[in-house]
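**Q** Coordinates in query-v4.csv, CSV, C-alpha atoms, are listed below.
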```
chain,number,residue,atom,x,y,z
A,285,MET,CA,132.7,91.5,61.8
A,286,ILE,CA,132.2,95.1,62.4
A,287,ARG,CA,128.7,96.4,62.4
A,288,LYS,CA,127.3,99.9,62.5
A,289,GLN,CA,123.9,100.9,63.7
A,290,PHE,CA,121.5,103.1,61.8
A,291,ILE,CA,118.9,105.1,63.7
A,292,THR,CA,116.8,107.8,62.0
A,293,ALA,CA,116.3,111.2,63.7
A,294,LEU,CA,112.7,112.0,64.8
A,295,PRO,CA,111.7,115.7,64.1
A,296,ALA,CA,110.4,117.8,66.9
A,297,ALA,CA,111.0,115.1,69.5
A,298,VAL,CA,113.9,114.9,71.9
A,299,LEU,CA,114.3,111.3,72.9
A,300,LEU,CA,116.9,109.2,74.6
A,301,VAL,CA,117.1,105.6,73.7
A,302,ALA,CA,119.5,103.2,75.4
A,303,PRO,CA,120.0,99.4,75.7
A,304,ALA,CA,119.2,97.5,78.9
A,305,ILE,CA,121.8,98.1,81.6
A,306,ALA,CA,122.4,97.2,85.2
A,307,LEU,CA,120.7,99.8,87.3
A,308,SER,CA,121.1,101.0,90.9
A,309,GLN,CA,117.7,102.7,91.2
A,310,GLY,CA,114.2,101.4,90.7
A,311,PRO,CA,112.4,102.6,87.5
A,312,GLN,CA,109.8,105.3,87.6
A,313,LYS,CA,107.1,105.1,84.8
A,314,GLN,CA,106.3,108.3,82.9
A,315,THR,CA,104.2,109.2,79.9
A,316,LEU,CA,105.9,110.1,76.6
A,317,ILE,CA,104.4,113.0,74.5
A,318,ILE,CA,105.5,113.4,70.9
A,319,ASN,CA,104.6,116.6,69.1
A,320,GLY,CA,101.9,117.3,71.6
A,321,GLN,CA,100.3,113.8,71.3
A,322,THR,CA,100.2,111.4,74.3
A,323,THR,CA,101.5,108.0,73.5
A,324,GLN,CA,101.4,104.6,75.2
A,325,VAL,CA,105.2,104.2,75.0
A,326,PRO,CA,106.5,103.2,78.5
A,327,VAL,CA,109.1,105.6,79.8
A,328,ILE,CA,111.3,104.9,82.8
A,329,GLN,CA,113.3,107.4,84.8
A,330,LEU,CA,116.7,105.9,85.7
A,331,ASN,CA,119.4,107.8,87.6
A,332,GLY,CA,117.8,111.1,86.5
A,333,HIS,CA,117.5,110.2,82.8
A,334,PRO,CA,114.4,109.1,80.7
A,335,TYR,CA,114.6,105.9,78.6
A,336,VAL,CA,112.2,104.4,76.2
A,337,GLY,CA,112.1,101.1,74.3
A,338,LEU,CA,112.8,101.1,70.5
A,339,GLU,CA,109.9,98.8,69.8
A,340,GLY,CA,107.4,100.9,71.6
A,341,LEU,CA,108.8,104.1,70.0
A,342,ALA,CA,108.6,102.5,66.5
A,343,ASP,CA,104.9,101.6,67.1
A,344,ALA,CA,104.1,105.1,68.3
A,345,VAL,CA,105.4,106.8,65.2
A,346,HIS,CA,104.3,104.1,62.8
A,347,GLY,CA,107.8,103.2,62.0
A,348,SER,CA,109.5,99.8,61.8
A,349,LEU,CA,112.6,98.1,63.1
A,350,SER,CA,114.9,95.9,61.1
A,351,TYR,CA,117.7,93.7,62.4
A,352,ALA,CA,120.8,92.4,60.7
A,353,GLY,CA,123.5,90.9,63.0
A,354,ASN,CA,124.1,93.5,65.7
A,355,MET,CA,122.7,96.4,63.7
A,356,ILE,CA,119.2,97.9,64.1
A,357,ALA,CA,117.5,100.2,61.7
A,358,LEU,CA,114.7,102.4,62.9
A,359,SER,CA,112.7,103.6,59.8
A,360,VAL,CA,110.2,106.4,60.0
A,361,SER,CA,108.4,107.9,57.1
A,362,VAL,CA,108.2,111.7,56.8
A,363,GLY,CA,104.5,111.8,57.6
A,364,SER,CA,104.8,109.5,60.6
A,365,ALA,CA,106.6,111.8,63.1
A,366,ASN,CA,103.2,113.0,64.5
A,367,PRO,CA,101.6,110.0,66.1
A,368,PRO,CA,97.8,109.8,66.5
A,369,SER,CA,96.3,110.5,69.9
A,370,SER,CA,95.6,107.6,72.2
A,371,ALA,CA,91.9,107.8,71.3
A,372,THR,CA,92.6,107.0,67.7
A,373,THR,CA,95.5,104.6,68.1
A,374,SER,CA,93.3,101.5,68.4
A,375,MET,CA,91.2,102.6,65.4
A,376,GLY,CA,94.0,103.0,63.0
A,377,PRO,CA,94.9,106.1,60.9
A,378,THR,CA,92.3,108.9,60.5
A,379,PRO,CA,90.9,109.6,57.0
A,380,ALA,CA,92.9,112.8,56.8
A,381,SER,CA,96.2,110.9,57.5
A,382,SER,CA,95.3,108.3,54.9
A,383,SER,CA,94.6,110.9,52.3
A,384,VAL,CA,98.1,112.4,52.6
A,385,ALA,CA,100.0,109.1,52.9
A,386,SER,CA,102.9,108.7,50.6
A,387,PRO,CA,102.3,106.4,47.6
A,388,ASN,CA,105.8,105.2,48.0
A,389,PRO,CA,105.7,102.2,50.4
A,390,GLY,CA,109.4,102.5,51.1
A,391,PHE,CA,111.6,99.4,51.8
A,392,SER,CA,110.2,96.1,52.8
A,393,ARG,CA,111.6,94.8,56.1
A,394,GLU,CA,113.2,91.7,54.4
A,395,PHE,CA,115.0,93.8,51.8
A,396,LEU,CA,116.2,96.3,54.4
A,397,ASN,CA,117.7,93.5,56.4
A,398,ALA,CA,119.4,92.0,53.3
A,399,GLY,CA,120.6,95.5,52.2
A,400,ILE,CA,122.1,96.3,55.5
A,401,GLU,CA,123.9,92.9,55.6
A,402,GLN,CA,125.3,93.6,52.1
A,403,MET,CA,126.5,97.0,53.0
A,404,SER,CA,128.3,95.6,56.0
A,405,THR,CA,130.0,93.0,53.9
A,406,LEU,CA,131.0,95.6,51.2
A,407,ARG,CA,132.4,97.8,54.0
A,408,GLU,CA,134.5,94.9,55.4
A,409,TRP,CA,135.7,94.1,51.9
A,410,HIS,CA,136.8,97.7,51.4
A,411,THR,CA,138.5,97.8,54.8
A,412,ALA,CA,140.4,94.7,54.0
A,413,LEU,CA,141.7,96.1,50.7
A,414,ALA,CA,142.5,99.5,52.2
A,415,THR,CA,144.3,98.0,55.2
A,416,ALA,CA,146.5,95.8,52.9
A,417,ILE,CA,147.4,98.7,50.7
A,418,GLN,CA,148.1,101.1,53.6
A,419,ASN,CA,150.3,98.6,55.4
A,420,GLY,CA,152.1,97.1,52.4
A,421,ILE,CA,150.6,93.7,52.9
A,422,PRO,CA,150.9,91.6,49.7
A,423,LEU,CA,147.6,91.5,47.9
A,424,SER,CA,146.3,88.2,46.7
A,425,ALA,CA,143.0,86.9,45.3
A,426,GLY,CA,142.8,84.6,48.3
A,427,LEU,CA,142.9,87.5,50.8
A,428,LEU,CA,139.8,89.2,49.3
A,429,ALA,CA,138.0,86.1,48.0
A,430,PRO,CA,135.9,85.5,51.2
A,431,TYR,CA,134.5,89.0,51.1
A,432,ARG,CA,133.7,88.8,47.4
A,433,ALA,CA,132.0,85.5,47.8
A,434,GLN,CA,129.9,86.7,50.8
A,435,ALA,CA,129.0,89.9,48.9
A,436,THR,CA,127.9,87.9,45.9
A,437,THR,CA,125.6,85.7,48.1
A,438,ASN,CA,124.2,88.8,49.9
A,439,LEU,CA,123.4,90.5,46.7
A,440,ARG,CA,121.4,87.5,45.5
A,441,LEU,CA,119.5,87.5,48.8
A,442,ALA,CA,118.7,91.2,48.4
A,443,LEU,CA,117.4,90.5,44.9
A,444,VAL,CA,115.1,87.8,46.2
A,445,ALA,CA,113.9,90.0,49.0
A,446,ALA,CA,113.1,93.0,46.7
A,447,THR,CA,109.3,93.3,46.5
A,448,THR,CA,108.5,97.1,46.5
A,449,PRO,CA,109.5,99.7,43.8
A,450,SER,CA,111.9,101.2,46.4
A,451,ASP,CA,113.4,97.8,47.0
A,452,ARG,CA,114.1,97.2,43.3
A,453,SER,CA,115.5,100.7,42.8
A,454,ALA,CA,117.8,100.4,45.8
A,455,TYR,CA,118.9,96.9,44.6
A,456,GLN,CA,120.3,98.4,41.4
A,457,LEU,CA,122.4,100.8,43.5
A,458,LEU,CA,123.6,98.0,45.7
A,459,SER,CA,124.5,96.1,42.6
A,460,ASN,CA,126.4,99.1,41.2
A,461,GLU,CA,128.3,99.3,44.5
A,462,PHE,CA,129.2,95.6,44.4
A,463,GLU,CA,130.5,96.0,40.8
A,464,ASP,CA,132.6,99.0,41.7
A,465,MET,CA,134.1,97.2,44.6
A,466,ALA,CA,135.0,94.2,42.5
A,467,LYS,CA,136.6,96.6,39.9
A,468,LEU,CA,138.6,98.3,42.6
A,469,SER,CA,139.9,95.0,44.0
A,470,ASP,CA,140.7,93.6,40.5
A,471,LYS,CA,142.6,96.8,39.7
A,472,TYR,CA,145.0,96.5,42.7
A,473,LEU,CA,145.3,92.8,42.4
A,474,LYS,CA,146.4,93.3,38.8
A,475,LEU,CA,149.0,95.9,39.8
A,476,ARG,CA,150.3,93.5,42.4
A,477,ALA,CA,150.5,90.7,39.9
A,478,ASN,CA,152.5,93.0,37.6
A,479,MET,CA,154.9,93.9,40.4
A,480,SER,CA,153.8,97.5,40.1
A,481,TYR,CA,154.5,99.8,43.1
A,482,ILE,CA,151.3,100.6,45.1
A,483,ALA,CA,151.7,103.7,47.3
A,484,PRO,CA,150.2,103.4,50.8
A,485,ASP,CA,147.9,106.4,50.0
A,486,ALA,CA,146.9,105.1,46.6
A,487,LEU,CA,143.2,104.9,47.4
A,488,GLU,CA,143.1,108.5,48.6
A,489,ASN,CA,143.6,109.7,45.0
A,490,ASP,CA,141.6,106.9,43.3
A,491,ALA,CA,138.3,108.3,41.8
A,492,LEU,CA,136.7,104.8,41.8
A,493,ASN,CA,137.4,104.5,45.5
A,494,GLN,CA,135.9,107.9,46.2
A,495,ARG,CA,132.8,106.9,44.3
A,496,ILE,CA,132.5,103.7,46.4
A,497,ILE,CA,132.7,105.7,49.6
A,498,ALA,CA,130.2,108.3,48.5
A,499,CYS,CA,127.8,105.5,47.4
A,500,GLY,CA,128.2,103.8,50.7
A,501,HIS,CA,127.2,107.0,52.6
A,502,SER,CA,124.2,107.4,50.3
A,503,LEU,CA,123.0,103.8,50.9
A,504,GLY,CA,123.5,104.2,54.6
A,505,SER,CA,121.3,107.3,54.6
A,506,MET,CA,118.6,105.4,52.7
A,507,ALA,CA,118.7,102.5,55.2
A,508,ALA,CA,118.3,105.0,58.1
A,509,SER,CA,115.3,106.8,56.5
A,510,GLY,CA,113.6,103.7,55.1
A,511,GLN,CA,113.0,105.5,51.8
A,512,PHE,CA,114.6,105.4,48.4
A,513,PHE,CA,116.3,108.4,46.9
A,514,ASP,CA,119.0,108.6,44.3
A,515,ASP,CA,121.5,111.4,44.7
A,516,GLY,CA,123.7,110.1,41.8
A,517,SER,CA,126.5,108.8,44.1
A,518,CYS,CA,126.0,105.2,43.0
A,519,ASN,CA,125.6,105.7,39.3
```
Take the structure from the file and write it as structure tokens.
**A**
Amino acid sequence: MIRKQFITALPAAVLLVAPAIALSQGPQKQTLIINGQTTQVPVIQLNGHPYVGLEGLADAVHGSLSYAGNMIALSVSVGSANPPSSATTSMGPTPASSSVASPNPGFSREFLNAGIEQMSTLREWHTALATAIQNGIPLSAGLLAPYRAQATTNLRLALVAATTPSDRSAYQLLSNEFEDMAKLSDKYLKLRANMSYIAPDALENDALNQRIIACGHSLGSMAASGQFFDDGSCN
């Protein structure tokens, strides 16, 4: 199964994040400063390049990491890009930061994990349908059934995981995307059953297919930001 990784951009900070790799030089510890604030995030200098760990970075900017398969989502709220100084880190947020905190709690970690998993399954379902159409592979319910079944299960798990207002709002959009994908599959399965000709580029001019793609991009952006927003793509 193909997975994609979502990582949100941090404003006013130029960072290089990389997985663990085999190294030829010993690490040199440095201090990471974000927006003028010193952090406790360990930085190592390897082969002339600085590297930081995702977990330490998430803690420094009051973000969160979510995992689903081989995908990682780093979510940072708009007001979290400026981390507190080391003197206030152990004491929690200052009164000023608390007073301007967003009332929107964003996505819960459980829902974000479930949502990313559902988006991946819907993407694979769409890819299977598109590949069959583009290459003239005979479509059948059996070919797409595993994707539909897994997407149905994932959608139920997302519903159970939805606890915040953002979760519940995003769930509705995930549900819309699922319904549209089911309609798209049924449409071309019916054409195949009626022995109708299906052009290899049929999806390129299909309005429903374009809506599914646009909605997928919108959901991906939400997963990366950790915040709900509705641009109308999934409605």
**Q** Using all atoms listed in the file, determine which residues lie at most 10 Å from Arg452 of chain A, disregarding the query and same-chain residues fewer than 4 positions distant; provide the list as a list in words.
**A**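 Here the answer would be Phe391, Phe395, Ala442, Leu443, Val444, Ala445, Ala446, Thr447, Thr448, Gln456, Leu457, Leu458 and Phe512 of chain A.
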**Q** Would you kindly return, as a PyMOL selection string, each protein, DNA or RNA residue with an atom no farther than 10 Å from any atom of Leu492 of chain A, considering all atoms listed in the file and excluding same-chain residues fewer than 5 positions away?
**A** chain A and resi 464-465+467-468+487+497-498
**Q** Choose the residue, out of A:Gly340, A:Gly390, A:Gly510, A:Pro334, that has the smallest atom-to-atom separation from Pro449 of chain A; count all atoms listed in the file.
**A**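 Of A:Gly340, A:Gly390, A:Gly510, A:Pro334, the one nearest Pro449 of chain A is A:Gly390, counting all atoms listed in the file.
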**Q** Tell me which of A:Glu339, A:Glu394, A:Glu408, A:Asp451 sits closest to Met506 of chain A, counting only C-alpha atoms.
**A**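 Smallest distance to Met506 of chain A is found for A:Asp451.
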**Q** Hey, can you check how far atom CA of Arg440 of chain A sits from atom CA of Arg495 of chain A?
**A**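 The value is 22.5 Å.
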**Q** Could you give me, as a ChimeraX atom specification, the residues within 12 Å of segment 418-428 of chain A, counting all atoms listed in the file and dropping anything in the same chain fewer than 2 positions from it?
**A** /A:405-406,408-416,430-435,465-466,468-488
**Q** First collect every listed atom of segment 443-461 of chain A; then fit an axis-aligned box around them, widen it by 3 Å on each side, and give centre and edge lengths in Å to one decimal, as JSON.
**A**
```
{"center_x": 118.4, "center_y": 94.5, "center_z": 45.1, "size_x": 25.8, "size_y": 19.4, "size_z": 13.8}
```
**Q** In Å, rounded to a single decimal, give me how far atom CA of Val325 of chain A is from atom CA of Leu341 of chain A.
**A**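 Separation between atom CA of Leu341 of chain A and atom CA of Val325 of chain A: 6.2 Å.
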**Q** Do you have the atom CA of Gln324 of chain A-atom CA of Asp343 of chain A distance handy?
**A**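 Taking atom CA of Gln324 of chain A and atom CA of Asp343 of chain A, their separation equals 9.3 Å.
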**Q** Check the smallest atom-to-atom distance from each of A:Gly500, A:Gln402, A:Phe513, A:Ala508 to Ala454 of chain A using only C-alpha atoms, then report the winner.
**A**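 Under the stated criterion, the closest residue is A:Phe513.
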**Q** Just want the 8 Å neighbourhood of Cys518 of chain A, counted on all atoms listed in the file, with same-chain residues fewer than 2 positions away dropped. Output as a list in words.
**A**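 Once the adjacent positions are removed, what remains is Leu457, Asn460, Glu461, Arg495, Ile496, Ala498, Cys499, Ser502, Asp514, Asp515 and Gly516 of chain A.
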**Q** For C-alpha atoms, I'd like the residues from the last selection saved as a PDB file, in the frame of the given file.
**A**
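result_6.pdb, freshly written:
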```
ATOM      1  CA  LEU A 457     122.400 100.800  43.500  1.00  0.00           C
ATOM      2  CA  ASN A 460     126.400  99.100  41.200  1.00  0.00           C
ATOM      3  CA  GLU A 461     128.300  99.300  44.500  1.00  0.00           C
ATOM      4  CA  ARG A 495     132.800 106.900  44.300  1.00  0.00           C
ATOM      5  CA  ILE A 496     132.500 103.700  46.400  1.00  0.00           C
ATOM      6  CA  ALA A 498     130.200 108.300  48.500  1.00  0.00           C
ATOM      7  CA  CYS A 499     127.800 105.500  47.400  1.00  0.00           C
ATOM      8  CA  SER A 502     124.200 107.400  50.300  1.00  0.00           C
ATOM      9  CA  ASP A 514     119.000 108.600  44.300  1.00  0.00           C
ATOM     10  CA  ASP A 515     121.500 111.400  44.700  1.00  0.00           C
ATOM     11  CA  GLY A 516     123.700 110.100  41.800  1.00  0.00           C
TER      12      GLY A 516
END
```
**Q** Missing atoms in segment 466-484 of chain A need filling: write out N, CA and C atoms for it as a PDB file, in the coordinates of the input.
**A**
```pdb
ATOM      1  N   ALA A 466     134.247  95.310  43.160  1.00  0.00           N
ATOM      2  CA  ALA A 466     135.000  94.200  42.500  1.00  0.00           C
ATOM      3  C   ALA A 466     135.996  94.823  41.501  1.00  0.00           C
ATOM      4  N   LYS A 467     135.640  95.902  40.812  1.00  0.00           N
ATOM      5  CA  LYS A 467     136.600  96.600  39.900  1.00  0.00           C
ATOM      6  C   LYS A 467     137.787  97.115  40.658  1.00  0.00           C
ATOM      7  N   LEU A 468     137.524  97.704  41.809  1.00  0.00           N
ATOM      8  CA  LEU A 468     138.600  98.300  42.600  1.00  0.00           C
ATOM      9  C   LEU A 468     139.566  97.186  43.069  1.00  0.00           C
ATOM     10  N   SER A 469     139.021  96.086  43.538  1.00  0.00           N
ATOM     11  CA  SER A 469     139.900  95.000  44.000  1.00  0.00           C
ATOM     12  C   SER A 469     140.688  94.410  42.835  1.00  0.00           C
ATOM     13  N   ASP A 470     140.021  94.187  41.697  1.00  0.00           N
ATOM     14  CA  ASP A 470     140.700  93.600  40.500  1.00  0.00           C
ATOM     15  C   ASP A 470     141.830  94.553  40.061  1.00  0.00           C
ATOM     16  N   LYS A 471     141.597  95.851  40.150  1.00  0.00           N
ATOM     17  CA  LYS A 471     142.600  96.800  39.700  1.00  0.00           C
ATOM     18  C   LYS A 471     143.895  96.690  40.506  1.00  0.00           C
ATOM     19  N   TYR A 472     143.776  96.592  41.833  1.00  0.00           N
ATOM     20  CA  TYR A 472     145.000  96.500  42.700  1.00  0.00           C
ATOM     21  C   TYR A 472     145.582  95.127  42.709  1.00  0.00           C
ATOM     22  N   LEU A 473     144.758  94.120  42.503  1.00  0.00           N
ATOM     23  CA  LEU A 473     145.300  92.800  42.400  1.00  0.00           C
ATOM     24  C   LEU A 473     146.134  92.652  41.102  1.00  0.00           C
ATOM     25  N   LYS A 474     145.700  93.303  40.041  1.00  0.00           N
ATOM     26  CA  LYS A 474     146.400  93.300  38.800  1.00  0.00           C
ATOM     27  C   LYS A 474     147.761  94.043  38.925  1.00  0.00           C
ATOM     28  N   LEU A 475     147.723  95.191  39.624  1.00  0.00           N
ATOM     29  CA  LEU A 475     149.000  95.900  39.800  1.00  0.00           C
ATOM     30  C   LEU A 475     149.961  95.100  40.636  1.00  0.00           C
ATOM     31  N   ARG A 476     149.455  94.398  41.630  1.00  0.00           N
ATOM     32  CA  ARG A 476     150.300  93.500  42.400  1.00  0.00           C
ATOM     33  C   ARG A 476     150.900  92.406  41.601  1.00  0.00           C
ATOM     34  N   ALA A 477     150.064  91.795  40.749  1.00  0.00           N
ATOM     35  CA  ALA A 477     150.500  90.700  39.900  1.00  0.00           C
ATOM     36  C   ALA A 477     151.593  91.152  38.934  1.00  0.00           C
ATOM     37  N   ASN A 478     151.521  92.407  38.493  1.00  0.00           N
ATOM     38  CA  ASN A 478     152.500  93.000  37.600  1.00  0.00           C
ATOM     39  C   ASN A 478     153.721  93.543  38.279  1.00  0.00           C
ATOM     40  N   MET A 479     153.749  93.361  39.616  1.00  0.00           N
ATOM     41  CA  MET A 479     154.900  93.900  40.400  1.00  0.00           C
ATOM     42  C   MET A 479     154.974  95.373  40.393  1.00  0.00           C
ATOM     43  N   SER A 480     153.843  96.043  40.158  1.00  0.00           N
ATOM     44  CA  SER A 480     153.800  97.500  40.100  1.00  0.00           C
ATOM     45  C   SER A 480     153.817  98.043  41.570  1.00  0.00           C
ATOM     46  N   TYR A 481     154.425  99.203  41.751  1.00  0.00           N
ATOM     47  CA  TYR A 481     154.500  99.800  43.100  1.00  0.00           C
ATOM     48  C   TYR A 481     153.079 100.382  43.406  1.00  0.00           C
ATOM     49  N   ILE A 482     152.605 100.093  44.613  1.00  0.00           N
ATOM     50  CA  ILE A 482     151.300 100.600  45.100  1.00  0.00           C
ATOM     51  C   ILE A 482     151.598 101.488  46.311  1.00  0.00           C
ATOM     52  N   ALA A 483     151.408 102.788  46.179  1.00  0.00           N
ATOM     53  CA  ALA A 483     151.700 103.700  47.300  1.00  0.00           C
ATOM     54  C   ALA A 483     150.669 103.472  48.418  1.00  0.00           C
ATOM     55  N   PRO A 484     151.101 103.646  49.651  1.00  0.00           N
ATOM     56  CA  PRO A 484     150.200 103.400  50.800  1.00  0.00           C
ATOM     57  C   PRO A 484     148.949 104.326  50.739  1.00  0.00           C
TER      58      PRO A 484
END
```
